[in-house]
Amino acid sequence: MFKSMLFLHWKQARPGLALAIVASFALPIIAVEGLGRPVGRNAASVDAYRFIAAFDSWLPLFPLLALGVGVVLALSAWNWDHQLKHVYALSLPMTRWEYTLKKLLAGVTLCAAPAAAMWVGAHLAAASIDLPTGLKAYPNELSIRFLLATLISYSVWFALAAGTIRTTAWVVGSCLGFMFFGLIANDVLSTYFVYFEQVVVVEEIINWLMHAPGPFEVFTGNWSLIDV
Amino acid sequence: MNNAIELRDVRWRAGSSFALRDISMSVPKGSIYGFLGPNGSGKTTTIRMFMGMMKPDRGSISVLGLPVPRHMKTILSRVGYVPERPHIYPALTVDEQIRVHSTFYDNWDQGWCRELLTRLRIDVDRKISRMSKGETGKLLLLLALSQRPDLLVLDEPTDGLDPVVRRDVLTAVLDYVSERHATVFISSHLVHELERICDWVGVMDGGRLIAQLPMQHFKNGIKRLRVGQPPEQPGDTPFTLLARSRDEGEESLETWIVRDWESGMSPYFQSVGATLRDVIDLDLEEGFVELLRSSRPESEPRT
């Protein structure tokens, strides 16, 4: 049964997933392209700081790619069901939570493919450069972070995409509305209370979400393939 | 429990425009139950209720002796369902769809499935999105039948199909029923189609179940009577008078449409000073139309 769910998800996600696999494989290789001299030459001549700074310019693309992979897999998970008004799914001899759980797990399994491609690409990238003294490559760590970020992105978007368009619009609209009106309210309150001059509540919440121990810390953590 | 499907006082409302009103329906086990009604009368909504896809506001439902929705998983493993509109994934091929579908059903009969593929002339390599309406209809039936269900629920299965495909579909259903003694619940607005195959009939209109009776009773019980010197007030009739109209050009002659007619009821006319000139059989479609006409208030549109 799970195999069927996995097959259906794969069939639906194929084009996006293929693109994600290629991008995940290529990104670390492209990021190190031209960074160091070929293996065997004198690496000590390369300035470590400049080396890291050059790689850093590619860093935002890694969490963005993870986010994108999660979105593609989550939307493809529900696309057919929404199109068919869930009639097929509801006519199957499964409880609703069982169906949802299997669908979620099928997507989680598919998330492993781009992460594996990233792992291969990161190892190839690490092997293709001659690191200056004091620097190390972290292909395993990068791949695990990518996998975790993909899973979190997938889970959040899976939950959002599961609902009707109206429900999704409500959730997204509420978040955006909270941010917008929260900022305005903070601005107004700051004229009466000094506390709100020092603390912007919306910013605090976003910081809490995006940094340890927040649930989305994985996106803002250290994505470096090369570090000290 | 002798009923395959049982609804008790089921009520459901969607805004102010549509509602199912106190539906009480019993589908006997082993019967072929025709569910008739004009478009928009609530047939599909009723089906979705007992298939567990929608929850009634009030009332209770049981299918194959099990309460809905508590035992939905067990129920659905024994029910073959062909919905009004195709519900299968369009990007799959027939072969892929069969392989996927079969994994959800423990009773799946691959041999019977292969036989049906041949009988219904379905190409396994065909992509579903490229299949015609008739081919898709046959595939849906094949999937439902290959589950070896105890109850087959068909929602307008032949709507829009050409006569050849329609015959193929109905033949496959009848063969299955004769072999397995399964219950078939078939919804349609094509009255003639049901007349040939059903042994029970339920009629929906405006969200209400206006009649439910054995087909034979339905066919034989609704008559057109030609009545001479009709009384102004019919009084207590031994039958149900559905409609009466004066014949043009003949002041003293009326046509009555009656239900629950039996041949021994003729003396009623003598007792009210009228004469029964003629008893005319109505076919199912005429009976159906008269039933709908009599159930609606005068202001509502006529079928």
# chains A, B, ... in the order shown; residues from 1 in each chain; ligands from 1

call {"tool": "select_by_dssp", "arguments": {"residues": "range 79-227 of chain A", "states": "alpha helix (DSSP H)", "output": "number ranges by chain"}}
result
A: 79-83, 87-91, 96-128, 139-162, 165-190, 195-198, 201-210, 217-220

call {"tool": "residues_around", "arguments": {"residues": "range 143-154 of chain B", "least_positions_apart": "6", "cutoff": "6 Å", "atoms": "only C-alpha atoms", "output": "list in words"}}
result
Arg78, Val79, Gly80, Tyr81, Val82, Asn107, Trp108, Asp109, Cys113, Ala182, Thr183, Val184, Phe185 and Ile186 of chain B

call {"tool": "interface_residues", "arguments": {"of": "chain B", "to": "chain A", "cutoff": "7 Å", "atoms": "only C-alpha atoms", "output": "number ranges by chain"}}
result
B: 53, 73-74, 76-77, 87-89, 100, 103-104

call {"tool": "write_last_selection", "arguments": {"atoms": "C-alpha atoms", "output": "PDB file, in the first residue's frame"}}
result
ATOM      1  CA  MET B  53     -17.573  11.114   2.270  1.00  0.00           C
ATOM      2  CA  LYS B  73     -12.560   1.221   6.552  1.00  0.00           C
ATOM      3  CA  THR B  74     -14.173  -2.229   6.747  1.00  0.00           C
ATOM      4  CA  LEU B  76     -15.110   0.445   1.959  1.00  0.00           C
ATOM      5  CA  SER B  77     -13.043  -2.729   1.666  1.00  0.00           C
ATOM      6  CA  HIS B  87     -11.999   9.877  -9.901  1.00  0.00           C
ATOM      7  CA  ILE B  88      -8.816   8.101 -10.943  1.00  0.00           C
ATOM      8  CA  TYR B  89      -5.412   9.670 -11.574  1.00  0.00           C
ATOM      9  CA  VAL B 100      -2.035   0.800  -7.629  1.00  0.00           C
ATOM     10  CA  THR B 103      -2.890  -3.016  -3.425  1.00  0.00           C
ATOM     11  CA  PHE B 104      -5.682  -1.411  -1.398  1.00  0.00           C
TER      12      PHE B 104
END

call {"tool": "residues_around", "arguments": {"residues": "Leu61 in chain A", "least_positions_apart": "6", "cutoff": "12 Å", "atoms": "only C-alpha atoms", "output": "ChimeraX atom specification"}}
result
/A:23-24,26-28,30-31,55,67-69,146,219-220,223-224

call {"tool": "residues_around", "arguments": {"residues": "Gly42 in chain B", "least_positions_apart": "6", "cutoff": "10 Å", "atoms": "only C-alpha atoms", "output": "PDB file with N, CA and C atoms, in the first residue's frame"}}
result
ATOM      1  N   PHE B  18     -30.054  23.964  -0.902  1.00  0.00           N
ATOM      2  CA  PHE B  18     -30.238  22.527  -1.069  1.00  0.00           C
ATOM      3  C   PHE B  18     -30.181  21.808   0.272  1.00  0.00           C
ATOM      4  N   ALA B  19     -31.015  20.814   0.402  1.00  0.00           N
ATOM      5  CA  ALA B  19     -30.998  20.019   1.647  1.00  0.00           C
ATOM      6  C   ALA B  19     -31.512  18.618   1.371  1.00  0.00           C
ATOM      7  N   LEU B  20     -30.973  17.660   2.093  1.00  0.00           N
ATOM      8  CA  LEU B  20     -31.573  16.322   2.121  1.00  0.00           C
ATOM      9  C   LEU B  20     -32.518  16.332   3.311  1.00  0.00           C
ATOM     10  N   ARG B  21     -33.749  15.934   3.057  1.00  0.00           N
ATOM     11  CA  ARG B  21     -34.752  16.058   4.125  1.00  0.00           C
ATOM     12  C   ARG B  21     -35.239  14.701   4.606  1.00  0.00           C
ATOM     13  N   ARG B  48     -22.915   9.947  -1.340  1.00  0.00           N
ATOM     14  CA  ARG B  48     -21.726  10.386  -0.587  1.00  0.00           C
ATOM     15  C   ARG B  48     -21.932  10.271   0.919  1.00  0.00           C
ATOM     16  N   MET B 204     -35.951   9.951  -5.834  1.00  0.00           N
ATOM     17  CA  MET B 204     -35.589  11.177  -5.125  1.00  0.00           C
ATOM     18  C   MET B 204     -36.124  12.380  -5.883  1.00  0.00           C
ATOM     19  N   ASP B 205     -36.533  13.375  -5.149  1.00  0.00           N
ATOM     20  CA  ASP B 205     -36.867  14.661  -5.774  1.00  0.00           C
ATOM     21  C   ASP B 205     -36.749  15.751  -4.727  1.00  0.00           C
ATOM     22  N   GLY B 206     -36.058  16.812  -5.085  1.00  0.00           N
ATOM     23  CA  GLY B 206     -35.918  17.960  -4.176  1.00  0.00           C
ATOM     24  C   GLY B 206     -35.359  17.595  -2.818  1.00  0.00           C
ATOM     25  N   GLY B 207     -34.430  16.637  -2.783  1.00  0.00           N
ATOM     26  CA  GLY B 207     -33.806  16.271  -1.516  1.00  0.00           C
ATOM     27  C   GLY B 207     -34.636  15.340  -0.655  1.00  0.00           C
ATOM     28  N   ARG B 208     -35.755  14.827  -1.210  1.00  0.00           N
ATOM     29  CA  ARG B 208     -36.601  13.903  -0.453  1.00  0.00           C
ATOM     30  C   ARG B 208     -36.716  12.582  -1.204  1.00  0.00           C
ATOM     31  N   LEU B 209     -36.848  11.506  -0.451  1.00  0.00           N
ATOM     32  CA  LEU B 209     -37.117  10.208  -1.066  1.00  0.00           C
ATOM     33  C   LEU B 209     -38.633  10.095  -1.141  1.00  0.00           C
TER      34      LEU B 209
END

call {"tool": "atom_distance", "arguments": {"atom1": "CA of Val94 in chain B", "atom2": "CA of Ile122 in chain B"}}
result
8.2 Å

call {"tool": "residues_around", "arguments": {"residues": "range 237-242 of chain B", "least_positions_apart": "2", "cutoff": "12 Å", "atoms": "only C-alpha atoms", "output": "ChimeraX atom specification"}}
result
/B:221-225,231,233-235,244-245,255-269,271-272,287-296

call {"tool": "closest_residue", "arguments": {"among": "A:Leu142, A:Ile165, A:Ala125, A:Leu176", "to": "Asn222 in chain A", "atoms": "only C-alpha atoms"}}
result
A:Leu142
